[in-house]
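Colleague: What follows is structure31.pdb, made up of PDB, C-alpha atoms, pLDDT in the B column:
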```pdb
ATOM      1  CA  MET A  40      -3.894 -26.129 -15.946  1.00 44.00           C
ATOM      2  CA  SER A  41      -0.585 -24.880 -17.300  1.00 46.00           C
ATOM      3  CA  ILE A  42       2.267 -24.091 -14.953  1.00 56.00           C
ATOM      4  CA  ASP A  43       4.196 -20.902 -15.628  1.00 68.00           C
ATOM      5  CA  LYS A  44       7.794 -21.556 -16.548  1.00 74.00           C
ATOM      6  CA  PRO A  45      10.224 -19.967 -14.068  1.00 81.00           C
ATOM      7  CA  LYS A  46      11.917 -16.885 -15.445  1.00 86.00           C
ATOM      8  CA  PRO A  47      15.694 -16.914 -15.865  1.00 92.00           C
ATOM      9  CA  GLN A  48      17.793 -15.711 -12.950  1.00 94.00           C
ATOM     10  CA  VAL A  49      21.126 -13.977 -12.551  1.00 96.00           C
ATOM     11  CA  ILE A  50      23.021 -14.826  -9.375  1.00 94.00           C
ATOM     12  CA  PRO A  51      26.088 -12.697  -8.529  1.00 95.00           C
ATOM     13  CA  LEU A  52      28.601 -15.135  -7.041  1.00 94.00           C
ATOM     14  CA  PRO A  53      30.632 -13.721  -4.120  1.00 94.00           C
ATOM     15  CA  ASN A  54      33.564 -11.760  -5.604  1.00 96.00           C
ATOM     16  CA  GLY A  55      33.050 -13.771  -8.768  1.00 97.00           C
ATOM     17  CA  PRO A  56      31.030 -13.889 -11.972  1.00 97.00           C
ATOM     18  CA  LEU A  57      27.332 -13.484 -12.623  1.00 97.00           C
ATOM     19  CA  TYR A  58      25.801 -16.920 -13.028  1.00 95.00           C
ATOM     20  CA  TYR A  59      22.964 -16.790 -15.547  1.00 96.00           C
ATOM     21  CA  PHE A  60      20.489 -19.642 -15.147  1.00 92.00           C
ATOM     22  CA  THR A  61      18.361 -20.121 -18.256  1.00 89.00           C
ATOM     23  CA  ASP A  62      16.841 -23.553 -17.605  1.00 86.00           C
ATOM     24  CA  PHE A  63      16.059 -24.933 -14.149  1.00 86.00           C
ATOM     25  CA  THR A  64      15.372 -28.469 -15.380  1.00 87.00           C
ATOM     26  CA  PRO A  65      18.309 -30.697 -14.308  1.00 89.00           C
ATOM     27  CA  HIS A  66      20.147 -32.124 -17.319  1.00 88.00           C
ATOM     28  CA  PRO A  67      22.749 -34.910 -17.160  1.00 89.00           C
ATOM     29  CA  VAL A  68      26.281 -33.532 -17.478  1.00 88.00           C
ATOM     30  CA  ALA A  69      28.097 -35.418 -20.218  1.00 89.00           C
ATOM     31  CA  GLY A  70      31.301 -37.104 -19.103  1.00 90.00           C
ATOM     32  CA  LEU A  71      30.639 -36.614 -15.386  1.00 91.00           C
ATOM     33  CA  SER A  72      29.941 -39.692 -13.286  1.00 91.00           C
ATOM     34  CA  GLY A  73      30.558 -41.171  -9.873  1.00 92.00           C
ATOM     35  CA  ASP A  74      32.856 -44.079  -9.098  1.00 91.00           C
ATOM     36  CA  GLU A  75      29.839 -46.383  -9.199  1.00 90.00           C
ATOM     37  CA  GLY A  76      28.665 -45.085 -12.550  1.00 88.00           C
ATOM     38  CA  GLN A  77      25.968 -42.757 -11.258  1.00 91.00           C
ATOM     39  CA  THR A  78      25.313 -39.649 -13.346  1.00 92.00           C
ATOM     40  CA  TYR A  79      25.008 -36.057 -12.194  1.00 92.00           C
ATOM     41  CA  SER A  80      22.567 -33.453 -13.419  1.00 92.00           C
ATOM     42  CA  SER A  81      22.586 -29.688 -13.279  1.00 88.00           C
ATOM     43  CA  PRO A  82      20.455 -26.738 -14.458  1.00 87.00           C
ATOM     44  CA  LYS A  83      21.689 -25.001 -17.574  1.00 87.00           C
ATOM     45  CA  GLY A  84      23.475 -21.698 -17.262  1.00 90.00           C
ATOM     46  CA  ALA A  85      26.578 -19.686 -17.998  1.00 94.00           C
ATOM     47  CA  ALA A  86      29.126 -17.788 -15.913  1.00 96.00           C
ATOM     48  CA  LEU A  87      29.328 -14.183 -17.149  1.00 97.00           C
ATOM     49  CA  CYS A  88      32.305 -11.934 -16.431  1.00 98.00           C
ATOM     50  CA  ARG A  89      31.696  -8.936 -14.176  1.00 97.00           C
ATOM     51  CA  CYS A  90      35.278  -8.064 -13.199  1.00 97.00           C
ATOM     52  CA  GLY A  91      36.022  -6.625 -16.644  1.00 97.00           C
ATOM     53  CA  GLU A  92      39.231  -8.606 -17.142  1.00 96.00           C
ATOM     54  CA  SER A  93      38.144 -11.840 -18.829  1.00 96.00           C
ATOM     55  CA  GLU A  94      39.844 -12.562 -22.147  1.00 95.00           C
ATOM     56  CA  ASN A  95      36.742 -14.500 -23.158  1.00 95.00           C
ATOM     57  CA  LYS A  96      34.052 -11.840 -22.628  1.00 96.00           C
ATOM     58  CA  PRO A  97      31.205 -12.051 -21.956  1.00 96.00           C
ATOM     59  CA  PHE A  98      32.110 -15.353 -20.303  1.00 96.00           C
ATOM     60  CA  CYS A  99      34.174 -15.703 -17.146  1.00 97.00           C
ATOM     61  CA  ASP A 100      37.690 -17.106 -17.491  1.00 97.00           C
ATOM     62  CA  GLY A 101      38.667 -16.909 -13.830  1.00 97.00           C
ATOM     63  CA  SER A 102      40.398 -13.542 -14.047  1.00 97.00           C
ATOM     64  CA  HIS A 103      38.440 -12.277 -11.035  1.00 97.00           C
ATOM     65  CA  GLY A 104      40.635 -14.454  -8.839  1.00 97.00           C
ATOM     66  CA  ALA A 105      43.881 -13.190 -10.343  1.00 97.00           C
ATOM     67  CA  ILE A 106      42.952  -9.529  -9.846  1.00 97.00           C
ATOM     68  CA  HIS A 107      41.284 -10.128  -6.456  1.00 97.00           C
ATOM     69  CA  PHE A 108      37.991  -8.700  -7.697  1.00 97.00           C
ATOM     70  CA  ASN A 109      35.874  -7.267  -4.886  1.00 95.00           C
ATOM     71  CA  GLU A 110      32.132  -6.924  -5.258  1.00 93.00           C
ATOM     72  CA  ARG A 111      31.983  -4.349  -2.479  1.00 90.00           C
ATOM     73  CA  LYS A 112      29.276  -1.741  -3.008  1.00 85.00           C
ATOM     74  CA  GLU A 113      30.817   1.703  -2.569  1.00 87.00           C
ATOM     75  CA  SER A 114      27.738   3.859  -3.132  1.00 83.00           C
ATOM     76  CA  ASP A 115      26.232   5.235   0.069  1.00 78.00           C
ATOM     77  CA  GLY A 116      22.760   5.228  -1.468  1.00 76.00           C
ATOM     78  CA  HIS A 117      22.132   8.947  -0.986  1.00 79.00           C
ATOM     79  CA  LEU A 118      20.857   9.201  -4.580  1.00 78.00           C
ATOM     80  CA  ASP A 119      18.379   6.363  -4.067  1.00 85.00           C
ATOM     81  CA  ARG A 120      15.299   8.514  -4.172  1.00 89.00           C
ATOM     82  CA  ARG A 121      12.823   9.194  -6.895  1.00 92.00           C
ATOM     83  CA  LYS A 122      12.029  12.683  -8.096  1.00 95.00           C
ATOM     84  CA  SER A 123       8.932  13.480 -10.115  1.00 97.00           C
ATOM     85  CA  TYR A 124       8.683  16.303 -12.642  1.00 98.00           C
ATOM     86  CA  GLN A 125       5.123  17.462 -13.320  1.00 98.00           C
ATOM     87  CA  GLY A 126       4.222  18.622 -16.798  1.00 97.00           C
ATOM     88  CA  GLY A 127       0.990  19.630 -18.423  1.00 97.00           C
ATOM     89  CA  LYS A 128       0.331  16.196 -19.919  1.00 97.00           C
ATOM     90  CA  ILE A 129       2.947  13.862 -18.429  1.00 98.00           C
ATOM     91  CA  VAL A 130       4.852  13.329 -15.186  1.00 98.00           C
ATOM     92  CA  ILE A 131       8.438  12.093 -15.563  1.00 98.00           C
ATOM     93  CA  HIS A 132       9.899  10.033 -12.700  1.00 97.00           C
ATOM     94  CA  ASP A 133      13.639   9.664 -12.227  1.00 96.00           C
ATOM     95  CA  ASN A 134      15.893   7.778  -9.799  1.00 93.00           C
ATOM     96  CA  ARG A 135      19.542   8.819 -10.327  1.00 91.00           C
ATOM     97  CA  HIS A 136      20.789   5.963  -8.135  1.00 90.00           C
ATOM     98  CA  ILE A 137      20.465   3.370 -10.876  1.00 91.00           C
ATOM     99  CA  CYS A 138      21.147   5.406 -14.017  1.00 94.00           C
ATOM    100  CA  SER A 139      23.617   3.646 -16.340  1.00 96.00           C
ATOM    101  CA  HIS A 140      24.168   6.805 -18.423  1.00 95.00           C
ATOM    102  CA  ALA A 141      23.233   5.171 -21.711  1.00 96.00           C
ATOM    103  CA  GLY A 142      22.453   8.683 -22.940  1.00 95.00           C
ATOM    104  CA  TYR A 143      19.263   8.125 -24.948  1.00 97.00           C
ATOM    105  CA  CYS A 144      17.406  10.815 -23.007  1.00 97.00           C
ATOM    106  CA  VAL A 145      19.961  13.647 -23.243  1.00 97.00           C
ATOM    107  CA  ASN A 146      21.034  12.816 -26.795  1.00 97.00           C
ATOM    108  CA  GLU A 147      17.593  12.411 -28.343  1.00 98.00           C
ATOM    109  CA  LEU A 148      15.548  14.937 -26.356  1.00 98.00           C
ATOM    110  CA  PRO A 149      17.860  17.701 -25.118  1.00 97.00           C
ATOM    111  CA  GLY A 150      14.835  19.982 -24.745  1.00 97.00           C
ATOM    112  CA  VAL A 151      13.487  17.648 -22.068  1.00 98.00           C
ATOM    113  CA  PHE A 152      16.641  16.195 -20.516  1.00 98.00           C
ATOM    114  CA  ASP A 153      19.482  18.693 -19.984  1.00 97.00           C
ATOM    115  CA  ARG A 154      22.168  17.926 -17.398  1.00 94.00           C
ATOM    116  CA  CYS A 155      23.189  21.599 -17.319  1.00 95.00           C
ATOM    117  CA  ALA A 156      19.695  22.850 -16.475  1.00 95.00           C
ATOM    118  CA  HIS A 157      18.055  23.095 -13.060  1.00 94.00           C
ATOM    119  CA  PRO A 158      15.873  21.138 -12.844  1.00 95.00           C
ATOM    120  CA  TRP A 159      17.413  18.876 -15.435  1.00 97.00           C
ATOM    121  CA  VAL A 160      14.016  17.523 -16.606  1.00 98.00           C
ATOM    122  CA  ASN A 161      11.458  19.657 -18.469  1.00 98.00           C
ATOM    123  CA  PRO A 162       8.376  17.488 -19.112  1.00 98.00           C
ATOM    124  CA  ASP A 163       6.879  20.138 -21.406  1.00 98.00           C
ATOM    125  CA  GLY A 164       9.946  20.283 -23.642  1.00 98.00           C
ATOM    126  CA  ALA A 165       8.652  17.880 -26.310  1.00 98.00           C
ATOM    127  CA  GLU A 166       5.547  16.037 -27.451  1.00 98.00           C
ATOM    128  CA  VAL A 167       4.331  13.352 -25.049  1.00 98.00           C
ATOM    129  CA  GLU A 168       4.761  10.601 -27.644  1.00 98.00           C
ATOM    130  CA  ALA A 169       8.416  11.486 -28.140  1.00 98.00           C
ATOM    131  CA  ILE A 170       9.031  11.544 -24.380  1.00 98.00           C
ATOM    132  CA  ILE A 171       7.428   8.131 -23.945  1.00 98.00           C
ATOM    133  CA  ALA A 172       9.513   6.674 -26.792  1.00 98.00           C
ATOM    134  CA  VAL A 173      12.758   7.855 -25.188  1.00 98.00           C
ATOM    135  CA  ILE A 174      11.811   6.751 -21.671  1.00 98.00           C
ATOM    136  CA  GLU A 175      11.022   3.284 -23.009  1.00 97.00           C
ATOM    137  CA  LYS A 176      14.619   3.099 -24.271  1.00 97.00           C
ATOM    138  CA  CYS A 177      16.024   3.682 -20.770  1.00 97.00           C
ATOM    139  CA  PRO A 178      17.765   0.359 -20.047  1.00 97.00           C
ATOM    140  CA  SER A 179      18.330   0.826 -16.316  1.00 96.00           C
ATOM    141  CA  GLY A 180      14.778   1.599 -15.236  1.00 95.00           C
ATOM    142  CA  ALA A 181      15.822   4.966 -13.803  1.00 95.00           C
ATOM    143  CA  LEU A 182      13.158   6.728 -15.873  1.00 97.00           C
ATOM    144  CA  SER A 183       9.419   6.086 -15.933  1.00 96.00           C
ATOM    145  CA  TYR A 184       6.340   8.212 -16.501  1.00 97.00           C
ATOM    146  CA  SER A 185       2.743   8.744 -15.435  1.00 97.00           C
ATOM    147  CA  ILE A 186      -0.223   9.948 -17.449  1.00 97.00           C
ATOM    148  CA  GLU A 187      -3.522  10.797 -15.760  1.00 96.00           C
ATOM    149  CA  GLY A 188      -2.322   9.242 -12.516  1.00 94.00           C
ATOM    150  CA  VAL A 189      -1.302   5.902 -14.049  1.00 96.00           C
ATOM    151  CA  GLU A 190       2.401   5.075 -13.880  1.00 95.00           C
ATOM    152  CA  HIS A 191       4.154   3.172 -16.651  1.00 95.00           C
ATOM    153  CA  ARG A 192       7.392   1.420 -15.654  1.00 93.00           C
ATOM    154  CA  ASP A 193       7.512  -1.957 -17.400  1.00 93.00           C
ATOM    155  CA  LEU A 194       7.414  -3.251 -20.976  1.00 93.00           C
ATOM    156  CA  GLU A 195       6.118  -6.573 -22.272  1.00 93.00           C
ATOM    157  CA  ARG A 196       9.239  -8.448 -23.389  1.00 95.00           C
ATOM    158  CA  GLU A 197      10.584 -11.965 -23.354  1.00 94.00           C
ATOM    159  CA  PRO A 198      13.264 -12.579 -20.678  1.00 95.00           C
ATOM    160  CA  ALA A 199      16.745 -11.981 -22.030  1.00 95.00           C
ATOM    161  CA  VAL A 200      20.216 -10.710 -21.145  1.00 97.00           C
ATOM    162  CA  ILE A 201      21.723  -8.355 -23.730  1.00 97.00           C
ATOM    163  CA  VAL A 202      25.492  -7.811 -23.804  1.00 97.00           C
ATOM    164  CA  THR A 203      25.901  -4.180 -24.861  1.00 96.00           C
ATOM    165  CA  LYS A 204      28.962  -2.996 -26.752  1.00 95.00           C
ATOM    166  CA  ASP A 205      31.537  -1.663 -24.264  1.00 96.00           C
ATOM    167  CA  GLY A 206      28.759  -1.379 -21.686  1.00 97.00           C
ATOM    168  CA  PRO A 207      26.661  -3.276 -19.165  1.00 98.00           C
ATOM    169  CA  TYR A 208      24.432  -6.317 -19.317  1.00 98.00           C
ATOM    170  CA  CYS A 209      20.866  -5.209 -20.014  1.00 98.00           C
ATOM    171  CA  LEU A 210      18.291  -7.483 -18.408  1.00 97.00           C
ATOM    172  CA  VAL A 211      14.770  -7.372 -19.837  1.00 97.00           C
ATOM    173  CA  GLY A 212      11.572  -9.344 -19.443  1.00 95.00           C
ATOM    174  CA  GLY A 213      11.781  -9.658 -15.670  1.00 93.00           C
ATOM    175  CA  VAL A 214      15.013 -11.648 -15.400  1.00 94.00           C
ATOM    176  CA  GLU A 215      15.474 -11.836 -11.632  1.00 92.00           C
ATOM    177  CA  VAL A 216      18.676 -10.742  -9.917  1.00 93.00           C
ATOM    178  CA  VAL A 217      19.025 -12.985  -6.870  1.00 92.00           C
ATOM    179  CA  GLY A 218      20.954 -12.484  -3.646  1.00 82.00           C
ATOM    180  CA  HIS A 219      21.602  -8.757  -3.551  1.00 71.00           C
ATOM    181  CA  GLU A 220      20.322  -5.775  -1.637  1.00 70.00           C
ATOM    182  CA  PRO A 221      16.787  -4.659  -2.531  1.00 69.00           C
ATOM    183  CA  ARG A 222      16.377  -2.781  -5.800  1.00 73.00           C
ATOM    184  CA  ALA A 223      16.326   0.991  -5.761  1.00 74.00           C
ATOM    185  CA  GLN A 224      13.130   2.721  -4.728  1.00 72.00           C
ATOM    186  CA  GLU A 225      10.101   2.689  -7.030  1.00 78.00           C
ATOM    187  CA  VAL A 226      11.783   1.448 -10.200  1.00 84.00           C
ATOM    188  CA  SER A 227      11.013  -1.142 -12.854  1.00 89.00           C
ATOM    189  CA  GLN A 228      11.284  -4.803 -11.958  1.00 88.00           C
ATOM    190  CA  GLU A 229      11.116  -5.708 -15.664  1.00 94.00           C
ATOM    191  CA  HIS A 230      14.479  -4.312 -16.728  1.00 96.00           C
ATOM    192  CA  CYS A 231      17.789  -3.194 -15.250  1.00 95.00           C
ATOM    193  CA  THR A 232      21.483  -2.953 -16.087  1.00 97.00           C
ATOM    194  CA  LEU A 233      24.287  -4.947 -14.440  1.00 97.00           C
ATOM    195  CA  CYS A 234      27.943  -3.933 -14.309  1.00 97.00           C
ATOM    196  CA  ARG A 235      30.431  -5.937 -16.372  1.00 96.00           C
ATOM    197  CA  CYS A 236      33.420  -3.569 -16.274  1.00 97.00           C
ATOM    198  CA  GLY A 237      34.079  -4.219 -12.587  1.00 97.00           C
ATOM    199  CA  SER A 238      34.199  -0.553 -11.571  1.00 96.00           C
ATOM    200  CA  SER A 239      30.602   0.318 -10.707  1.00 96.00           C
ATOM    201  CA  ARG A 240      30.150   1.819  -7.263  1.00 94.00           C
ATOM    202  CA  ASN A 241      26.654   0.348  -7.164  1.00 92.00           C
ATOM    203  CA  LYS A 242      27.412  -3.338  -7.800  1.00 93.00           C
ATOM    204  CA  PRO A 243      25.897  -5.518  -9.072  1.00 94.00           C
ATOM    205  CA  PHE A 244      24.126  -2.713 -10.946  1.00 94.00           C
ATOM    206  CA  CYS A 245      25.735  -0.428 -13.513  1.00 96.00           C
ATOM    207  CA  ASP A 246      26.365   3.233 -12.627  1.00 94.00           C
ATOM    208  CA  GLY A 247      27.855   4.300 -15.958  1.00 95.00           C
ATOM    209  CA  ASN A 248      31.470   4.110 -14.795  1.00 96.00           C
ATOM    210  CA  HIS A 249      32.411   1.921 -17.782  1.00 97.00           C
ATOM    211  CA  ALA A 250      32.577   5.109 -19.878  1.00 94.00           C
ATOM    212  CA  GLU A 251      34.844   6.849 -17.358  1.00 95.00           C
ATOM    213  CA  ILE A 252      37.398   4.023 -17.328  1.00 96.00           C
ATOM    214  CA  GLY A 253      37.235   3.403 -21.086  1.00 95.00           C
ATOM    215  CA  PHE A 254      35.966  -0.171 -20.806  1.00 96.00           C
ATOM    216  CA  LYS A 255      36.210  -2.029 -24.113  1.00 94.00           C
ATOM    217  CA  ASP A 256      35.172  -5.408 -25.417  1.00 91.00           C
ATOM    218  CA  PRO A 257      37.892  -7.563 -26.968  1.00 82.00           C
ATOM    219  CA  VAL A 258      38.736  -6.660 -30.567  1.00 66.00           C
TER     220      VAL A 258
END
```
Starting from the coordinates I provided, produce the structure as structure tokens.

Modeller:
Amino acid sequence: MSIDKPKPQVIPLPNGPLYYFTDFTPHPVAGLSGDEGQTYSSPKGAALCRCGESENKPFCDGSHGAIHFNERKESDGHLDRRKSYQGGKIVIHDNRHICSHAGYCVNELPGVFDRCAHPWVNPDGAEVEAIIAVIEKCPSGALSYSIEGVEHRDLEREPAVIVTKDGPYCLVGGVEVVGHEPRAQEVSQEHCTLCRCGSSRNKPFCDGNHAEIGFKDPV
């Protein structure tokens, strides 16, 4: 009987980087030994910057210490609730608490998603297929949908961490975020977005503040 391989994990280190473990099998560390010649082994991983100041993005260079980075979560959680918008053929679910403001919804389907309208979601504003396609692009998991009483939140993808241009880390394929407060209510466990600009009020998750502060990757 085959044993399922553990999925990668991201561990936010206290006031430090995100440690991304990709392989839990201990491997000998070259050039590291004890005074009696014994070797040391460690899982494979990488330290990813989340303070926004590393000169070696996406990797950590220790800048979090120099700027006294604080992982304090400033959001009071009042937006952590899911709203459902009933249409004739589809129900759109939305949790504003975890939105990373990637903009796919408002840019591609303004007839469905309009921040100036009340309510801001009109599930009858486009064909169902187009709505599904846009919701499946939502990187944070804030959006999902139901058809005939069956909710669709997750996609079938291989575990990966995607470093977006001037934006957050996008986790897909069920990469687990370890050692943080519980995820927002009724959202995908298959994908989410993690802050790497250092200014999110919902750390370790992205809240879209990278756009407000003009966060940029190194040229």

Colleague: Please check which residues have atoms at most 10 Å from (42.1, -5.8, -12.4) in the file's coordinates, counting only C-alpha atoms, and write them as an NGL selection string.

Modeller: :A and (90-93 or 102-109 or 236-238)

Colleague: A:Gly180, A:Glu229, A:Val214, A:Asn161: which is nearest Leu194 in chain A, counting only C-alpha atoms?

Modeller: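 The answer is A:Glu229, which sits nearest to Leu194 in chain A.
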
Colleague: What would the list of residues within 7 Å of (25.9, 1.3, -8.1) (file frame) look like as an NGL selection string, if only C-alpha atoms are what count?

Modeller: :A and (112 or 114 or 136-137 or 239-246)

Colleague: Give me the residues within 8 Å of Pro47 in chain A as a list in words, counting all atoms listed in the file and dropping any in the same chain fewer than 2 places off.

Modeller: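 In the requested form, the answer reads Pro45, Val49, Tyr59, Phe60, Thr61, Asp62, Pro198, Ala199, Val214 and Glu215 of chain A.
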
Colleague: Could those residues be written to a file, using C-alpha atoms, as a tab-separated table (two decimals), in the coordinates of the input?

Modeller:
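Output (selection_33.tsv):
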```tsv
chain	number	residue	atom	x	y	z
A	45	PRO	CA	10.22	-19.97	-14.07
A	49	VAL	CA	21.13	-13.98	-12.55
A	59	TYR	CA	22.96	-16.79	-15.55
A	60	PHE	CA	20.49	-19.64	-15.15
A	61	THR	CA	18.36	-20.12	-18.26
A	62	ASP	CA	16.84	-23.55	-17.60
A	198	PRO	CA	13.26	-12.58	-20.68
A	199	ALA	CA	16.74	-11.98	-22.03
A	214	VAL	CA	15.01	-11.65	-15.40
A	215	GLU	CA	15.47	-11.84	-11.63
```

Colleague: So how many Å separate CA of Ser123 in chain A and CA of Glu197 in chain A, to one decimal?

Modeller: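 Going from CA of Ser123 in chain A over to CA of Glu197 in chain A, I get 28.7 Å.
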
Colleague: Let me make sure I understand: among A:Arg154, A:Lys204, A:Arg120, A:Arg222, which one has the smallest atom-to-atom distance to Asp256 in chain A if we use all atoms listed in the file?

Modeller: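 Looking at the shortest contact to Asp256 in chain A, the residue is A:Lys204.
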
Colleague: Rounded to one decimal, what separation in Å do you get between CA of Arg235 in chain A and CA of Gly213 in chain A?

Modeller: 19.0 Å

Colleague: Out of A:Val217, A:Ala86, A:Leu71, A:Ile186, which residue has the shortest atom-to-atom distance to Val167 in chain A when counting all atoms listed in the file?

Modeller: A:Ile186

Colleague: For a quick check of understanding, using all atoms listed in the file, which of A:Glu225, A:Glu110, A:Glu187, A:Glu75 has the smallest distance to Leu57 in chain A?

Modeller: A:Glu110

Colleague: What separation in Å, quoted to one decimal, exists between CA of Gly126 in chain A and CA of Ala156 in chain A?

Modeller: 16.0 Å

Colleague: Calculated over all atoms listed in the file, which of the candidates A:Val160, A:Cys234, A:Ala181, A:Leu210 has the smallest distance to Gly247 in chain A?

Modeller: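 Smallest distance to Gly247 in chain A is found for A:Cys234.
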
Colleague: Take every atom of range 118-133 of chain A listed in the file, fit an axis-aligned box around them, add 3 Å per side, and give the centre and edge lengths in Å to one decimal as lines of an AutoDock Vina configuration file.

Modeller:
```
center_x = 10.6
center_y = 13.0
center_z = -12.0
size_x = 26.5
size_y = 19.3
size_z = 21.9
```

Colleague: Using only C-alpha atoms, which of the listed residues (A:Pro162, A:Gly218, A:Gly101, A:Pro178) sits closest to Gly55 in chain A?

Modeller: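 Closest to Gly55 in chain A, using only C-alpha atoms: A:Gly101.
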